[in-house]
>>> print(open('model_30.txt').read())   # compact mmCIF, C-alpha atoms
# COMPACT_ATOMS: atom_id res chain seq x y z
CA MET P 1 0.00 0.00 0.00
CA THR P 2 1.40 3.39 -0.99
CA ILE P 3 -0.43 5.36 1.69
CA GLU P 4 -0.39 4.40 5.34
CA GLN P 5 -2.62 6.30 7.72
CA ILE P 6 -3.17 6.79 11.44
CA GLN P 7 -6.65 8.17 11.94
CA GLY P 8 -7.63 9.77 15.26
CA ASP P 9 -10.86 11.48 16.29
CA GLU P 10 -9.45 14.90 15.54
CA TYR P 11 -6.44 14.20 13.40
CA ALA P 12 -4.99 12.17 10.57
CA ILE P 13 -1.36 11.28 9.89
CA GLU P 14 -0.66 10.04 6.41
CA TYR P 15 2.53 8.46 5.20
CA ASP P 16 2.85 8.69 1.44
CA ARG P 17 5.55 6.18 0.54
CA ALA P 18 5.86 7.20 -3.08
CA ALA P 19 6.38 10.85 -2.19
CA HIS P 20 8.52 10.11 0.89
CA ALA P 21 6.23 12.42 2.82
CA VAL P 22 4.42 12.32 6.14
CA ARG P 23 1.44 14.71 6.26
CA LEU P 24 -0.23 15.69 9.51
CA SER P 25 -3.63 17.34 9.74
CA GLY P 26 -6.21 18.36 12.35
CA THR P 27 -5.55 18.61 16.07
CA VAL P 28 -3.08 16.29 17.79
CA ARG P 29 -3.24 16.43 21.57
CA LEU P 30 -2.38 12.97 22.86
CA GLN P 31 -1.39 12.79 26.49
CA THR P 32 1.64 10.54 26.97
CA SER P 33 4.64 9.26 25.03
CA ASP P 34 2.89 5.86 24.99
CA ASP P 35 -0.02 7.51 23.19
CA TYR P 36 2.46 8.94 20.70
CA ALA P 37 4.24 5.57 20.18
CA PRO P 38 2.32 4.65 16.95
CA ILE P 39 3.20 8.06 15.48
CA THR P 40 6.84 7.70 16.53
CA ALA P 41 6.92 4.27 14.87
CA LEU P 42 5.36 5.62 11.66
CA LEU P 43 7.89 8.44 11.49
CA GLN P 44 10.75 6.02 12.07
CA ARG P 45 9.45 3.72 9.32
CA ALA P 46 9.19 6.62 6.92
CA HIS P 47 12.72 7.64 7.88
CA ASP P 48 14.17 4.18 7.34
CA GLU P 49 12.46 3.75 3.99
CA ALA P 50 13.69 7.15 2.81
CA ALA P 51 17.31 6.41 3.78
CA GLY P 52 19.71 7.92 1.28
CA GLY P 53 17.10 10.35 -0.07
CA PRO P 54 14.66 13.08 0.90
CA LEU P 55 11.92 12.91 3.52
CA SER P 56 9.38 15.62 4.18
CA LEU P 57 7.19 16.25 7.22
CA ASP P 58 4.21 18.32 6.19
CA PHE P 59 2.53 20.23 9.05
CA ARG P 60 0.65 22.72 6.86
CA ARG P 61 -2.80 21.34 7.72
CA LEU P 62 -2.02 20.68 11.37
CA GLN P 63 -3.90 23.25 13.41
CA PHE P 64 -2.73 22.19 16.85
CA LEU P 65 0.05 20.08 18.34
CA ASN P 66 0.49 19.88 22.10
CA SER P 67 3.78 19.92 24.00
CA SER P 68 4.07 16.11 24.05
CA GLY P 69 3.61 16.20 20.30
CA ILE P 70 6.38 18.74 19.64
CA SER P 71 8.59 16.73 21.99
CA THR P 72 7.89 13.58 19.93
CA VAL P 73 8.78 15.39 16.71
CA SER P 74 11.92 16.85 18.30
CA ARG P 75 13.08 13.39 19.40
CA PHE P 76 12.53 12.12 15.89
CA VAL P 77 14.71 14.93 14.52
CA ILE P 78 17.48 14.11 17.04
CA ASN P 79 17.41 10.45 15.97
CA ALA P 80 17.45 11.41 12.30
CA ARG P 81 20.44 13.67 12.94
CA LYS P 82 22.30 10.83 14.69
CA GLN P 83 21.65 8.49 11.77
CA ASP P 84 22.20 11.23 9.17
CA GLN P 85 20.61 9.21 6.38
CA VAL P 86 17.84 11.47 5.06
CA ALA P 87 17.54 15.01 3.75
CA LEU P 88 14.76 16.19 6.04
CA THR P 89 12.38 18.98 5.02
CA VAL P 90 9.72 20.39 7.35
CA LEU P 91 6.80 22.22 5.78
CA GLY P 92 4.75 24.69 7.85
CA ASN P 93 1.89 27.12 7.45
CA ARG P 94 2.53 30.79 8.17
CA ASP P 95 -1.12 31.31 9.10
CA ILE P 96 -0.81 28.92 12.02
CA TYR P 97 0.84 30.94 14.75
CA TRP P 98 2.74 28.22 16.67
CA GLN P 99 4.28 26.69 13.56
CA GLN P 100 6.43 29.71 12.76
CA LYS P 101 8.29 29.47 16.07
CA SER P 102 8.19 25.78 16.95
CA LEU P 103 9.04 24.32 13.54
CA GLY P 104 11.90 26.79 13.13
CA ASN P 105 13.29 25.61 16.45
CA LEU P 106 13.82 22.12 15.03
CA GLN P 107 16.88 23.52 13.27
CA LYS P 108 18.50 24.03 16.67
CA LEU P 109 18.45 20.26 17.03
CA TRP P 110 19.69 19.60 13.50
CA PRO P 111 20.89 22.55 11.46
CA LYS P 112 20.63 20.52 8.24
CA VAL P 113 16.83 20.37 8.48
CA GLN P 114 15.18 22.47 5.75
CA ILE P 115 12.33 24.53 7.17
CA GLU P 116 9.80 25.91 4.70
CA ILE P 117 7.01 28.01 6.20
CA VAL P 118 4.70 28.94 3.37
CA MET E 1 56.51 -10.81 31.32
CA SER E 2 59.07 -8.22 32.44
CA ASP E 3 58.43 -6.04 35.45
CA THR E 4 58.06 -2.98 33.17
CA ALA E 5 55.51 -4.69 30.97
CA ALA E 6 53.64 -5.91 34.04
CA LYS E 7 53.47 -2.35 35.38
CA ARG E 8 52.38 -0.88 32.01
CA ALA E 9 49.41 -3.24 31.53
CA PRO E 10 47.28 -1.93 34.44
CA ARG E 11 48.16 1.66 33.48
CA GLN E 12 47.06 1.02 29.92
CA ARG E 13 43.83 -0.58 31.09
CA ALA E 14 43.24 2.39 33.36
CA ALA E 15 43.90 4.77 30.48
CA GLU E 16 41.48 2.83 28.30
CA ARG E 17 38.86 2.97 31.02
CA VAL E 18 39.41 6.71 31.35
CA ALA E 19 39.12 7.13 27.59
CA ALA E 20 35.93 5.06 27.57
CA LEU E 21 34.56 7.10 30.45
CA GLU E 22 35.48 10.33 28.70
CA ALA E 23 33.78 9.14 25.54
CA ARG E 24 30.67 8.21 27.58
CA ILE E 25 30.77 11.60 29.32
CA ALA E 26 31.01 13.33 25.93
CA GLU E 27 28.08 11.22 24.74
CA LEU E 28 26.04 12.10 27.82
CA GLU E 29 26.97 15.75 27.47
CA ALA E 30 25.79 15.72 23.85
CA GLU E 31 22.60 14.01 24.94
CA LEU E 32 22.17 16.55 27.71
CA ALA E 33 22.67 19.37 25.21
CA ASP E 34 19.99 17.79 22.99
CA LEU E 35 17.66 17.44 25.95
CA GLN E 36 18.26 21.04 26.92
CA ILE E 37 17.37 22.21 23.42
CA LEU E 38 14.40 19.85 23.38
CA TYR E 39 13.27 21.23 26.74
CA GLU E 40 13.64 24.81 25.55
CA ASN E 41 11.84 24.03 22.30
CA THR E 42 8.99 22.40 24.20
CA MET E 43 8.77 25.36 26.58
CA GLU E 44 8.76 27.79 23.68
CA HIS E 45 6.11 25.69 21.96
CA GLY E 46 4.00 25.90 25.13
CA THR E 47 4.48 29.67 25.20
CA ALA E 48 3.52 29.94 21.52
CA LEU E 49 0.34 27.97 22.25
CA GLU E 50 -0.46 30.19 25.22
CA ASN E 51 0.06 33.30 23.10
CA GLU E 52 -2.17 31.84 20.44
CA LEU E 53 -4.78 31.12 23.10
CA MET E 54 -4.65 34.75 24.17
CA LEU E 55 -5.02 35.90 20.57
CA GLN E 56 -7.96 33.58 20.05
CA ASN E 57 -9.56 34.88 23.25
CA GLU E 58 -9.16 38.43 22.01
CA ARG E 59 -10.71 37.47 18.68
CA MET E 60 -13.58 35.77 20.47
CA GLU E 61 -14.11 38.83 22.62
CA ALA E 62 -14.23 41.04 19.51
CA LEU E 63 -16.62 38.59 17.86
CA GLN E 64 -18.87 38.65 20.93
CA GLN E 65 -19.02 42.42 20.76
CA LYS E 66 -20.07 42.16 17.13
CA MET E 67 -22.64 39.50 17.97
CA ARG E 68 -24.19 41.82 20.53
CA LYS E 69 -25.17 44.15 17.72
CA TYR E 70 -26.84 41.48 15.67
CA LEU E 71 -28.57 39.35 18.31
CA SER E 72 -31.25 40.08 20.86
CA PRO E 73 -29.83 40.25 24.41
CA GLN E 74 -31.72 37.05 25.20
CA LEU E 75 -30.28 35.06 22.32
CA TYR E 76 -26.86 36.49 23.06
CA ALA E 77 -27.12 35.35 26.69
CA ALA E 78 -28.41 31.98 25.57
CA LEU E 79 -25.51 31.45 23.17
CA LEU E 80 -22.86 32.55 25.63
CA GLY E 81 -24.34 31.34 28.87
CA GLY E 82 -25.34 27.91 27.69
CA ILE E 83 -29.05 28.49 28.24
CA PRO E 84 -30.86 26.23 25.77
CA ALA E 85 -31.73 28.33 22.72
CA ASP E 86 -34.09 25.81 21.22
CA THR E 87 -37.26 26.29 19.25
CA LYS E 88 -39.34 24.31 21.72
CA SER E 89 -39.44 26.50 24.84
CA HIS E 90 -42.22 29.08 24.72
CA ALA E 91 -44.36 30.77 27.32
CA ARG E 92 -47.60 32.75 27.43
CA VAL E 93 -46.81 36.06 29.07
CA LYS E 94 -48.68 39.34 29.42
CA LEU E 95 -46.53 41.91 27.65
CA THR E 96 -46.72 45.52 26.54
CA ILE E 97 -45.76 45.81 22.90
CA TYR E 98 -44.56 48.89 21.03
CA PHE E 99 -44.49 49.28 17.26
CA SER E 100 -43.29 52.27 15.30
CA ASP E 101 -42.83 53.04 11.66
CA MET E 102 -41.42 56.03 9.87
CA VAL E 103 -43.71 57.80 7.43
CA GLY E 104 -42.19 58.70 4.10
CA PHE E 105 -38.91 56.93 4.63
CA SER E 106 -39.37 54.76 1.54
CA ASP E 107 -39.76 57.88 -0.63
CA LEU E 108 -36.57 59.24 0.87
CA THR E 109 -34.62 56.18 -0.21
CA ASP E 110 -35.02 57.23 -3.84
CA SER E 111 -34.16 60.87 -3.34
CA ILE E 112 -30.94 60.97 -1.30
CA GLU E 113 -27.52 59.40 -1.53
CA PRO E 114 -27.24 55.91 -0.03
CA GLU E 115 -24.48 57.07 2.36
CA LEU E 116 -26.67 59.83 3.78
CA LEU E 117 -29.65 57.50 3.93
CA SER E 118 -27.61 54.97 5.84
CA GLU E 119 -26.42 57.69 8.24
CA VAL E 120 -29.99 58.86 8.85
CA LEU E 121 -31.32 55.36 9.42
CA ASN E 122 -28.43 54.25 11.59
CA SER E 123 -28.46 57.37 13.75
CA TYR E 124 -32.21 56.98 14.21
CA LEU E 125 -32.14 53.26 15.04
CA THR E 126 -29.10 53.61 17.29
CA ARG E 127 -30.73 56.30 19.39
CA MET E 128 -34.06 54.49 19.51
CA ALA E 129 -32.35 51.28 20.58
CA GLU E 130 -30.46 53.12 23.33
CA ILE E 131 -33.71 54.61 24.61
CA ALA E 132 -35.49 51.23 24.46
CA LEU E 133 -32.71 49.53 26.43
CA ALA E 134 -32.54 52.38 28.95
CA HIS E 135 -36.23 51.84 29.74
CA GLY E 136 -35.77 48.07 30.06
CA GLY E 137 -37.37 47.16 26.76
CA THR E 138 -36.48 44.09 24.76
CA ILE E 139 -35.77 45.07 21.17
CA ASP E 140 -37.51 42.45 19.12
CA LYS E 141 -36.51 43.59 15.69
CA PHE E 142 -35.81 46.37 13.24
CA VAL E 143 -37.44 45.98 9.85
CA GLY E 144 -36.05 48.77 7.74
CA ASP E 145 -37.10 51.84 9.71
CA ALA E 146 -39.76 50.01 11.73
CA ILE E 147 -39.07 49.15 15.36
CA MET E 148 -40.67 46.54 17.58
CA VAL E 149 -39.99 46.53 21.32
CA PHE E 150 -41.69 44.65 24.11
CA PHE E 151 -41.74 44.83 27.91
CA GLY E 152 -42.26 41.88 30.27
CA ALA E 153 -39.91 39.21 28.94
CA PRO E 154 -37.51 37.72 29.64
CA GLU E 155 -37.63 39.65 32.93
CA PHE E 156 -41.14 40.02 34.26
CA VAL E 157 -41.69 42.93 36.66
CA GLY E 158 -45.41 43.72 36.65
CA ASP E 159 -48.08 44.57 34.10
CA ALA E 160 -48.43 48.20 35.14
CA GLU E 161 -44.68 48.73 35.32
CA HIS E 162 -44.22 47.31 31.81
CA ALA E 163 -46.89 49.61 30.39
CA ARG E 164 -45.52 52.66 32.22
CA SER E 165 -41.97 51.99 31.05
CA CYS E 166 -43.24 51.55 27.53
CA VAL E 167 -45.12 54.86 27.36
CA ARG E 168 -42.17 56.69 28.91
CA MET E 169 -39.96 55.12 26.27
CA ALA E 170 -42.37 56.03 23.46
CA LEU E 171 -42.48 59.68 24.54
CA GLU E 172 -38.72 59.91 24.86
CA MET E 173 -38.32 58.34 21.43
CA ARG E 174 -40.63 60.95 19.95
CA GLU E 175 -38.69 63.76 21.65
CA GLU E 176 -35.47 62.32 20.32
CA LEU E 177 -36.93 62.13 16.84
CA PHE E 178 -37.70 65.86 16.98
CA ARG E 179 -34.06 66.51 17.92
CA LEU E 180 -32.77 64.25 15.17
CA ARG E 181 -34.92 66.01 12.58
CA GLU E 182 -33.03 69.23 13.20
CA GLN E 183 -29.74 67.44 12.64
CA TRP E 184 -31.04 65.82 9.46
CA ARG E 185 -32.34 69.11 8.14
CA ALA E 186 -28.88 70.63 8.73
CA LYS E 187 -27.55 67.85 6.53
CA GLY E 188 -29.84 68.83 3.71
CA ILE E 189 -32.79 66.51 4.16
CA SER E 190 -35.75 68.71 3.38
CA ARG E 191 -38.40 66.04 3.86
CA THR E 192 -39.73 65.81 7.41
CA LEU E 193 -39.50 62.31 8.73
CA ARG E 194 -42.41 61.48 11.01
CA VAL E 195 -43.06 58.41 13.06
CA ARG E 196 -46.32 56.75 14.01
CA ALA E 197 -46.43 54.40 16.97
CA GLY E 198 -48.84 51.96 18.59
CA ILE E 199 -48.81 50.34 22.03
CA ASN E 200 -50.89 47.43 23.28
CA THR E 201 -50.85 45.17 26.33
CA GLY E 202 -51.95 41.55 26.28
CA PHE E 203 -51.00 37.90 26.41
CA CYS E 204 -48.46 36.81 23.81
CA THR E 205 -46.42 33.71 23.19
CA VAL E 206 -42.76 34.47 23.75
CA GLY E 207 -39.76 32.34 22.91
CA ASN E 208 -37.40 31.33 20.16
CA PHE E 209 -39.06 30.98 16.81
CA GLY E 210 -37.48 29.92 13.59
CA SER E 211 -35.55 26.88 12.48
CA GLU E 212 -32.75 25.07 14.25
CA HIS E 213 -30.39 26.95 11.95
CA ARG E 214 -31.81 30.46 12.26
CA MET E 215 -34.03 31.64 15.07
CA ASP E 216 -35.23 34.81 16.75
CA TYR E 217 -36.30 35.46 20.30
CA THR E 218 -39.63 37.05 19.53
CA ILE E 219 -43.32 37.22 20.34
CA ILE E 220 -46.38 36.16 18.40
CA GLY E 221 -50.11 36.38 18.86
CA GLY E 222 -53.19 38.47 18.22
CA GLN E 223 -52.14 41.13 20.74
CA VAL E 224 -48.92 41.68 18.81
CA ASN E 225 -50.91 42.18 15.63
CA LEU E 226 -53.16 44.66 17.43
CA ALA E 227 -50.15 46.75 18.49
CA ALA E 228 -48.96 46.76 14.87
CA ARG E 229 -52.43 47.77 13.65
CA LEU E 230 -52.64 50.62 16.18
CA GLN E 231 -49.36 51.89 14.83
CA SER E 232 -50.57 51.87 11.23
CA SER E 233 -53.80 53.66 12.27
CA ALA E 234 -52.00 56.44 14.15
CA PRO E 235 -51.42 59.78 12.39
CA PRO E 236 -47.78 60.80 11.85
CA ASP E 237 -45.96 61.86 15.03
CA SER E 238 -48.64 60.42 17.27
CA ILE E 239 -48.75 57.42 19.57
CA TYR E 240 -51.89 55.29 19.90
CA LEU E 241 -52.59 53.22 22.99
CA SER E 242 -55.10 50.41 23.27
CA GLY E 243 -57.66 50.69 26.06
CA THR E 244 -55.87 47.92 27.96
CA THR E 245 -52.57 49.80 28.00
CA TYR E 246 -54.30 53.06 28.83
CA SER E 247 -55.97 51.52 31.89
CA LEU E 248 -52.51 50.63 33.23
CA VAL E 249 -51.04 54.12 32.74
CA GLU E 250 -54.11 56.27 33.28
CA ASP E 251 -52.69 57.99 36.37
CA LEU E 252 -49.37 58.65 34.65
CA VAL E 253 -50.31 60.10 31.29
CA GLU E 254 -52.47 62.61 29.53
CA ALA E 255 -54.29 61.00 26.65
CA ARG E 256 -57.07 61.88 24.27
CA HIS E 257 -59.86 59.37 23.90
CA ILE E 258 -60.28 58.51 20.25
CA GLY E 259 -62.98 55.94 21.04
CA PRO E 260 -63.85 52.55 19.61
CA THR E 261 -62.07 52.20 16.30
CA GLN E 262 -62.34 49.54 13.67
CA VAL E 263 -58.82 48.28 13.13
CA LYS E 264 -57.86 46.27 10.08
CA GLY E 265 -57.65 42.55 10.79
CA ILE E 266 -59.38 42.79 14.20
CA HIS E 267 -63.07 41.78 14.30
CA SER E 268 -64.50 44.03 16.99
CA PRO E 269 -63.74 47.76 17.38
CA VAL E 270 -60.81 48.59 19.63
CA ASP E 271 -60.91 51.33 22.22
CA VAL E 272 -58.11 53.72 21.23
CA TRP E 273 -56.36 56.55 23.09
CA GLU E 274 -53.84 59.00 21.79
CA LEU E 275 -50.89 59.49 24.13
CA ARG E 276 -50.15 63.18 24.59
CA GLY E 277 -47.51 63.12 27.28
CA LEU E 278 -46.85 62.54 30.93
CA ARG E 279 -49.20 64.28 33.37
CA GLY E 280 -48.05 67.78 34.12
CA GLU E 281 -45.81 67.86 31.07
CA ALA E 282 -48.70 66.78 28.90
CA ALA E 283 -50.60 70.05 28.97
CA ALA E 284 -47.99 71.49 26.69
CA ALA E 285 -47.68 68.44 24.52
CA THR E 286 -48.47 68.45 20.85
CA PRO E 287 -46.40 66.77 18.21
CA TYR E 288 -45.79 70.16 16.57
CA LEU E 289 -44.59 72.11 19.56
CA ALA E 290 -42.16 71.51 22.39
CA VAL E 291 -42.08 73.96 25.27
CA GLN E 292 -39.18 74.20 27.66
CA GLY E 293 -39.43 77.28 29.86
CA ASP E 294 -39.08 80.30 27.58
CA ARG E 295 -37.91 78.21 24.70
CA LEU E 296 -40.40 77.13 22.08
CA ARG E 297 -39.51 74.61 19.43
CA LEU E 298 -41.90 74.25 16.56
CA GLY E 299 -41.76 70.98 14.68
CA ASP E 300 -41.12 70.86 10.98
CA LEU E 301 -44.14 71.90 9.00
CA ASP E 302 -44.44 70.16 5.69
CA LEU E 303 -48.16 69.85 5.26
CA ASP E 304 -50.37 68.58 2.52
CA LEU E 305 -53.59 70.34 3.45
CA THR E 306 -55.66 68.10 1.20
CA LYS E 307 -54.57 65.04 3.14
CA MET E 308 -54.64 66.51 6.62
CA ASP E 309 -57.24 64.90 8.84
CA ASP E 310 -59.28 66.68 11.49
CA GLN E 311 -57.19 65.43 14.31
CA GLU E 312 -53.94 66.56 12.78
CA ARG E 313 -55.46 69.93 11.91
CA ALA E 314 -56.65 70.35 15.48
CA ALA E 315 -53.22 69.49 16.87
CA LEU E 316 -51.53 71.99 14.58
CA GLN E 317 -54.06 74.70 15.35
CA LYS E 318 -53.49 74.13 19.03
CA ALA E 319 -49.72 74.30 18.66
CA LEU E 320 -49.80 77.49 16.61
CA ALA E 321 -52.33 79.07 18.96
CA ARG E 322 -50.04 78.38 21.87
CA VAL E 323 -47.12 79.97 20.05
CA LEU E 324 -49.19 83.08 19.32
CA ILE E 325 -50.31 83.31 22.92
CA ARG E 326 -46.77 83.04 24.15
CA LEU E 327 -45.60 85.68 21.67
CA ALA E 328 -48.34 88.03 22.84
CA GLU E 329 -47.30 87.49 26.43
CA ILE E 330 -43.75 88.74 25.91
>>> encode(input="model_30.txt", output="structure tokens")
Amino acid sequence: MTIEQIQGDEYAIEYDRAAHAVRLSGTVRLQTSDDYAPITALLQRAHDEAAGGPLSLDFRRLQFLNSSGISTVSRFVINARKQDQVALTVLGNRDIYWQQKSLGNLQKLWPKVQIEIV
Amino acid sequence: MSDTAAKRAPRQRAAERVAALEARIAELEAELADLQILYENTMEHGTALENELMLQNERMEALQQKMRKYLSPQLYAALLGGIPADTKSHARVKLTIYFSDMVGFSDLTDSIEPELLSEVLNSYLTRMAEIALAHGGTIDKFVGDAIMVFFGAPEFVGDAEHARSCVRMALEMREELFRLREQWRAKGISRTLRVRAGINTGFCTVGNFGSEHRMDYTIIGGQVNLAARLQSSAPPDSIYLSGTTYSLVEDLVEARHIGPTQVKGIHSPVDVWELRGLRGEAAAATPYLAVQGDRLRLGDLDLDLTKMDDQERAALQKALARVLIRLAEI
């Protein structure tokens, strides 16, 4: 299957294998790192399958991400930096206030991450 | 193994352990640095969310202020306070209902610029709404230049009090209209805008009416229609009261008995009174003349003598006679 999806009540996370892209949409506000485990696993799978090439994380349709969520994404970026196997691009939406600051901060963890807030 | 070699082996192992420890420390330090950045990022993310929350709250506050202008106070309270705003809860309540309509406003719409028209209408409705709210009235609706206000719901005080507040409001509205006319004339509106009004008291059904998607807090019933009919029967610049309302305000107001009148849409004749003013102040009251001490203010005179009815003629004669008397007194 080309598209793999995690569907929550308020959110959807879609892994598009062909495009090497993970797209997040809706409102993600899970409570614990255990709750985030399936998302962490999906991100890791996308990372491993994109090894040697590009991988994009698309947040443009994600209205809300809580602190546990940004922590999960940050940990993923740290792991990706340690493995240094993908060219990671993060796409954000300038109309969503938190994305401008929080997605830009991912570069502090891995300066090679491309941040595109459009 | 020589003594030297035997001594070097533990030193080398110790050095290797130190190197391994140093490597581990470097690893832990790097991890700590990552965690520090992660912590800071998470904190900043939390702050960004809090800021966004504040912005959203400010937007909601601004939206609420806008909603106030478009919704009745009751629907506004229902939407914000969680009171059920459904179409099923209604009650039969005795209310006093006020209707007013501007005479000649439609003709004005064709003769002046839309910007000026909008200024006239908005200034009029804004002032009338302020007066209605100041007297405790519930503004039911504006339809063009027509105004509908009722007293007694959602807060019920007492039948007489509702009627008294309503007539006070109606008189103040008329006074305000006279003041506004002067402002409008200064802006170049030559046509005199007059208002007719009707007041009735009776049982109505009050509640939210409409669909689940669009509803109004309003009143319905035969007594509402009667108030509207009294308004359309009243001459320009006058206020008609039904007999029921008059009986509740008799000691407060001066009124002229018009008598049983056949009103369109109502089977039997309705006893009608014309509100002149509050007792004491009423002796001087005519729609054409306002007297305040030594200051006389004559209303705008734009009369079509062929269409003038007896009542209007009598009111004008009385006003002009009073002016002449006062002039002779000086």
>>> atom_distance(input="model_30.txt", atom1="atom CA of Val103 of chain E", atom2="atom CA of Ser247 of chain E")
28.1 Å
>>> interface_residues(input="model_30.txt", of="chain P", to="chain E", cutoff="7 Å", atoms="only C-alpha atoms", output="short mmCIF file (atom, residue, chain, number, x, y, z; two decimals) with C-alpha atoms, in the frame of the given file")
data_model
loop_
_atom_site.label_atom_id
_atom_site.label_comp_id
_atom_site.auth_asym_id
_atom_site.auth_seq_id
_atom_site.Cartn_x
_atom_site.Cartn_y
_atom_site.Cartn_z
CA SER P 67 3.78 19.92 24.00
CA ILE P 70 6.38 18.74 19.64
CA SER P 71 8.59 16.73 21.99
CA SER P 74 11.92 16.85 18.30
CA TYR P 97 0.84 30.94 14.75
CA TRP P 98 2.74 28.22 16.67
CA SER P 102 8.19 25.78 16.95
CA ASN P 105 13.29 25.61 16.45
CA LEU P 109 18.45 20.26 17.03
#
>>> residues_around(input="model_30.txt", residues="Leu88 of chain P", least_positions_apart="6", cutoff="8 Å", atoms="all atoms listed in the file", output="ChimeraX atom specification")
/P:54-57,112-114
>>> write_last_selection(input="model_30.txt", atoms="C-alpha atoms", output="CSV table (one decimal), keeping the file's coordinate frame")
chain,number,residue,atom,x,y,z
P,54,PRO,CA,14.7,13.1,0.9
P,55,LEU,CA,11.9,12.9,3.5
P,56,SER,CA,9.4,15.6,4.2
P,57,LEU,CA,7.2,16.2,7.2
P,112,LYS,CA,20.6,20.5,8.2
P,113,VAL,CA,16.8,20.4,8.5
P,114,GLN,CA,15.2,22.5,5.8
>>> residues_around(input="model_30.txt", residues="Asp58 of chain P", least_positions_apart="3", cutoff="12 Å", atoms="all atoms listed in the file", output="PyMOL selection string")
chain P and resi 12-16+19-25+43+55+61-63+73+88-93+99+103+114-118
>>> residues_around(input="model_30.txt", residues="segment 261-271 of chain E", least_positions_apart="4", cutoff="7 Å", atoms="all atoms listed in the file", output="list in words")
Arg229, Ser242 and Gly243 of chain E
>>> atom_distance(input="model_30.txt", atom1="atom CA of Pro38 of chain P", atom2="atom CA of Gly69 of chain P")
12.1 Å
>>> closest_residue(input="model_30.txt", among="E:Arg279, E:Phe99, E:Arg256, E:Ile189", to="Ser233 of chain E", atoms="only C-alpha atoms")
E:Phe99
>>> atom_distance(input="model_30.txt", atom1="atom CA of Leu95 of chain E", atom2="atom CA of Phe203 of chain E")
6.1 Å
>>> residues_around(input="model_30.txt", residues="Thr72 of chain P", least_positions_apart="2", cutoff="12 Å", atoms="only C-alpha atoms", output="PDB file with C-alpha atoms, keeping the file's coordinate frame")
ATOM      1  CA  VAL P  28      -3.080  16.290  17.790  1.00  0.00           C
ATOM      2  CA  ARG P  29      -3.240  16.430  21.570  1.00  0.00           C
ATOM      3  CA  LEU P  30      -2.380  12.970  22.860  1.00  0.00           C
ATOM      4  CA  GLN P  31      -1.390  12.790  26.490  1.00  0.00           C
ATOM      5  CA  THR P  32       1.640  10.540  26.970  1.00  0.00           C
ATOM      6  CA  SER P  33       4.640   9.260  25.030  1.00  0.00           C
ATOM      7  CA  ASP P  34       2.890   5.860  24.990  1.00  0.00           C
ATOM      8  CA  ASP P  35      -0.020   7.510  23.190  1.00  0.00           C
ATOM      9  CA  TYR P  36       2.460   8.940  20.700  1.00  0.00           C
ATOM     10  CA  ALA P  37       4.240   5.570  20.180  1.00  0.00           C
ATOM     11  CA  PRO P  38       2.320   4.650  16.950  1.00  0.00           C
ATOM     12  CA  ILE P  39       3.200   8.060  15.480  1.00  0.00           C
ATOM     13  CA  THR P  40       6.840   7.700  16.530  1.00  0.00           C
ATOM     14  CA  ALA P  41       6.920   4.270  14.870  1.00  0.00           C
ATOM     15  CA  LEU P  42       5.360   5.620  11.660  1.00  0.00           C
ATOM     16  CA  LEU P  43       7.890   8.440  11.490  1.00  0.00           C
ATOM     17  CA  GLN P  44      10.750   6.020  12.070  1.00  0.00           C
ATOM     18  CA  LEU P  65       0.050  20.080  18.340  1.00  0.00           C
ATOM     19  CA  ASN P  66       0.490  19.880  22.100  1.00  0.00           C
ATOM     20  CA  SER P  67       3.780  19.920  24.000  1.00  0.00           C
ATOM     21  CA  SER P  68       4.070  16.110  24.050  1.00  0.00           C
ATOM     22  CA  GLY P  69       3.610  16.200  20.300  1.00  0.00           C
ATOM     23  CA  ILE P  70       6.380  18.740  19.640  1.00  0.00           C
ATOM     24  CA  SER P  74      11.920  16.850  18.300  1.00  0.00           C
ATOM     25  CA  ARG P  75      13.080  13.390  19.400  1.00  0.00           C
ATOM     26  CA  PHE P  76      12.530  12.120  15.890  1.00  0.00           C
ATOM     27  CA  VAL P  77      14.710  14.930  14.520  1.00  0.00           C
ATOM     28  CA  ILE P  78      17.480  14.110  17.040  1.00  0.00           C
ATOM     29  CA  ASN P  79      17.410  10.450  15.970  1.00  0.00           C
ATOM     30  CA  LEU P 106      13.820  22.120  15.030  1.00  0.00           C
TER      31      LEU P 106
ATOM     32  CA  LEU E  38      14.400  19.850  23.380  1.00  0.00           C
ATOM     33  CA  TYR E  39      13.270  21.230  26.740  1.00  0.00           C
ATOM     34  CA  ASN E  41      11.840  24.030  22.300  1.00  0.00           C
ATOM     35  CA  THR E  42       8.990  22.400  24.200  1.00  0.00           C
TER      36      THR E  42
END
>>> axis_aligned_box(input="model_30.txt", around="segment 81-84 of chain P", padding_each_side="3 Å", output="lines of an AutoDock Vina configuration file")
center_x = 21.4
center_y = 11.1
center_z = 11.9
size_x = 7.9
size_y = 11.2
size_z = 11.5
>>> residues_near_point(input="model_30.txt", point="(-36.9, 53.4, 11.0)", cutoff="8 Å", atoms="only C-alpha atoms", output="PyMOL selection string")
chain E and resi 100-102+105+121+124-125+142-147
>>> closest_residue(input="model_30.txt", among="E:Ala91, E:Leu32, E:Val323, E:Ala255", to="Leu298 of chain E", atoms="all atoms listed in the file")
E:Val323
>>> residues_near_point(input="model_30.txt", point="(-41.2, 61.5, 29.3)", cutoff="7 Å", atoms="all atoms listed in the file", output="VMD selection string")
chain E and resid 168 171 to 172 277 to 278
>>> residues_around(input="model_30.txt", residues="Val167 of chain E", least_positions_apart="6", cutoff="12 Å", atoms="all atoms listed in the file", output="VMD selection string")
chain E and resid 96 to 99 131 to 132 135 to 137 149 to 151 160 to 161 173 to 174 197 to 201 239 to 242 245 to 246 248 to 250 252 to 255 274 to 279
